[in-house]
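Peer 1: One structure follows; several queries about it will come next.
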Amino acid sequence: MNFGPMHFAAYLDRKDAKRKESAAVRAARDAAPVAAPTKNQLSIISGPGTLSRLARSAHVAAVSVFEAVAIRAPSMPQKQGPVRVQVRRTSRPVVLVLSSHQTVEWQLEVDDEAELKAVLLSGYGESTVAGAGLALVASIGGFYAFKRGSAEFRHLEDEVLRCTGRNIENFQSVYAGHSFEIGGE
């Protein structure tokens, strides 16, 4: 197999993840309080309709990662951290497209002045979205794009266009990410 440096590091992390935790570590992890994020109900979009009405005058912004940044010490099992997306005020409402190759826990932080109309979730894994408030959260399939202009990006943009009637205006992408910002005009 040929691996690039990032792929090789991810491969080694996955290979190391097969190690078992001790009973003491499991007990400590289970006893630690974890605040469950508020999650929106996921809708499946089959074609234009409500979403295209919501997106009529919206700014369509996309964020894409291969995977979330792993948060761990070398001796600990791999744990993917959340990917935070700060949505700031824009001159128009926002439709946010979140795309990932691996399963990602997306955590949105929407400013009070921002108007988030919809979140379109796309990718191969079973990602989740927290913090979308009253915005529509919809799955648009297994499309993942890493680079604007690529065939994968065209597939993702075609699906966004099919669902919203609008193209992706802003696209941010990294291999392993943890934080993004939309808007702030």
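Labels for the structure tokens follow display order: chains A, B, ..., residues from 1 in each chain, ligands from 1.
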Where does stretch 130-169 of chain A meet stretch 100-120 of chain A within 7 Å, residue by residue, with the nearest atom pair and distance in Å to one decimal for each, counting only C-alpha atoms, listed by chain and rising number, as JSON lines?
Peer 2:
```
{"residue": "A:Ala130", "atom": "CA", "partner": "A:Gln107", "partner_atom": "CA", "distance": 4.9}
{"residue": "A:Gly131", "atom": "CA", "partner": "A:Leu108", "partner_atom": "CA", "distance": 4.8}
{"residue": "A:Ala132", "atom": "CA", "partner": "A:Leu108", "partner_atom": "CA", "distance": 6.1}
{"residue": "A:Ala135", "atom": "CA", "partner": "A:Ala118", "partner_atom": "CA", "distance": 4.8}
{"residue": "A:Leu136", "atom": "CA", "partner": "A:Ala118", "partner_atom": "CA", "distance": 4.5}
{"residue": "A:Val137", "atom": "CA", "partner": "A:Val119", "partner_atom": "CA", "distance": 4.7}
{"residue": "A:Ala138", "atom": "CA", "partner": "A:Leu120", "partner_atom": "CA", "distance": 5.0}
{"residue": "A:Ser139", "atom": "CA", "partner": "A:Leu120", "partner_atom": "CA", "distance": 5.7}
{"residue": "A:Ile140", "atom": "CA", "partner": "A:Leu120", "partner_atom": "CA", "distance": 6.3}
{"residue": "A:Tyr144", "atom": "CA", "partner": "A:Ser100", "partner_atom": "CA", "distance": 5.7}
```
Peer 1: Could you take the residues named above and write them with N, CA and C atoms, as a tab-separated table (two decimals), in the first residue's frame?
Peer 2:
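Just written: again-v4.tsv:
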```tsv
chain	number	residue	atom	x	y	z
A	130	ALA	N	-25.02	19.20	16.34
A	130	ALA	CA	-25.56	19.78	17.57
A	130	ALA	C	-25.48	21.30	17.47
A	131	GLY	N	-26.46	21.98	18.02
A	131	GLY	CA	-26.42	23.43	18.10
A	131	GLY	C	-27.04	24.16	16.92
A	132	ALA	N	-27.83	23.48	16.10
A	132	ALA	CA	-28.43	24.13	14.93
A	132	ALA	C	-29.68	24.93	15.27
A	135	ALA	N	-33.01	25.59	12.93
A	135	ALA	CA	-32.70	25.36	11.51
A	135	ALA	C	-33.03	23.93	11.11
A	136	LEU	N	-33.46	23.75	9.87
A	136	LEU	CA	-33.71	22.43	9.32
A	136	LEU	C	-32.37	21.70	9.18
A	137	VAL	N	-32.28	20.47	9.67
A	137	VAL	CA	-31.08	19.65	9.51
A	137	VAL	C	-31.47	18.49	8.60
A	138	ALA	N	-30.77	18.36	7.47
A	138	ALA	CA	-31.15	17.36	6.47
A	138	ALA	C	-29.94	16.61	5.96
A	139	SER	N	-30.12	15.32	5.70
A	139	SER	CA	-29.08	14.50	5.09
A	139	SER	C	-29.27	14.55	3.57
A	140	ILE	N	-28.17	14.81	2.86
A	140	ILE	CA	-28.25	14.84	1.40
A	140	ILE	C	-27.42	13.73	0.76
A	144	TYR	N	-18.79	13.47	-0.43
A	144	TYR	CA	-17.69	14.07	0.30
A	144	TYR	C	-16.77	14.76	-0.70
```
Peer 1: For stretch 90-92 of chain A, please output as a list in words all residues within 7 Å (counting only C-alpha atoms; exclusion window: fewer than 3 positions along the same chain).
Peer 2: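 Within the cut-off, the hits are Ser57, Ala58, His59, Ala114, Gly183, Gly184 and Glu185 of chain A.
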Peer 1: Tell me which protein, DNA and RNA residues are within 10 Å of A:Glu159, counting only C-alpha atoms, leaving out same-chain ones fewer than 6 positions away, and put them as a ChimeraX atom specification.
Peer 2: /A:47,122,140-141,143,153,165-167
Peer 1: Deliver the residues from the most recent selection as a file, using N, CA and C atoms, as a tab-separated table (two decimals), in the first residue's frame.
Peer 2:
```tsv
chain	number	residue	atom	x	y	z
A	47	GLY	N	-35.79	15.92	-2.75
A	47	GLY	CA	-35.90	16.81	-3.88
A	47	GLY	C	-36.22	18.22	-3.44
A	122	SER	N	-23.63	15.77	4.80
A	122	SER	CA	-23.24	14.88	3.72
A	122	SER	C	-21.95	14.16	4.08
A	140	ILE	N	-28.17	14.81	2.86
A	140	ILE	CA	-28.25	14.84	1.40
A	140	ILE	C	-27.42	13.73	0.76
A	141	GLY	N	-27.02	12.75	1.55
A	141	GLY	CA	-26.35	11.58	0.97
A	141	GLY	C	-24.88	11.47	1.35
A	143	PHE	N	-22.06	12.23	-0.16
A	143	PHE	CA	-21.11	13.01	-0.95
A	143	PHE	C	-20.05	13.64	-0.05
A	153	PHE	N	-16.23	17.37	-5.66
A	153	PHE	CA	-16.86	18.66	-5.35
A	153	PHE	C	-18.04	18.90	-6.28
A	165	GLY	N	-31.47	24.71	-5.10
A	165	GLY	CA	-31.54	25.62	-6.23
A	165	GLY	C	-30.40	26.62	-6.23
A	166	ARG	N	-29.40	26.42	-5.36
A	166	ARG	CA	-28.27	27.35	-5.24
A	166	ARG	C	-26.95	26.59	-5.25
A	167	ASN	N	-25.90	27.26	-5.74
A	167	ASN	CA	-24.55	26.70	-5.74
A	167	ASN	C	-23.85	27.01	-4.43
```
Peer 1: Hey, can you check how far atom CA of A:Ala151 sits from atom CA of A:Glu126?
Peer 2: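 Atom-to-atom, atom CA of A:Ala151 to atom CA of A:Glu126, that is 22.6 Å.
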Peer 1: Quote the spacing between atom CA of A:Pro93 and atom CA of A:Ser150 in Å to one decimal place.
Peer 2: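 Atom-to-atom, atom CA of A:Pro93 and atom CA of A:Ser150 are spaced 26.9 Å apart.
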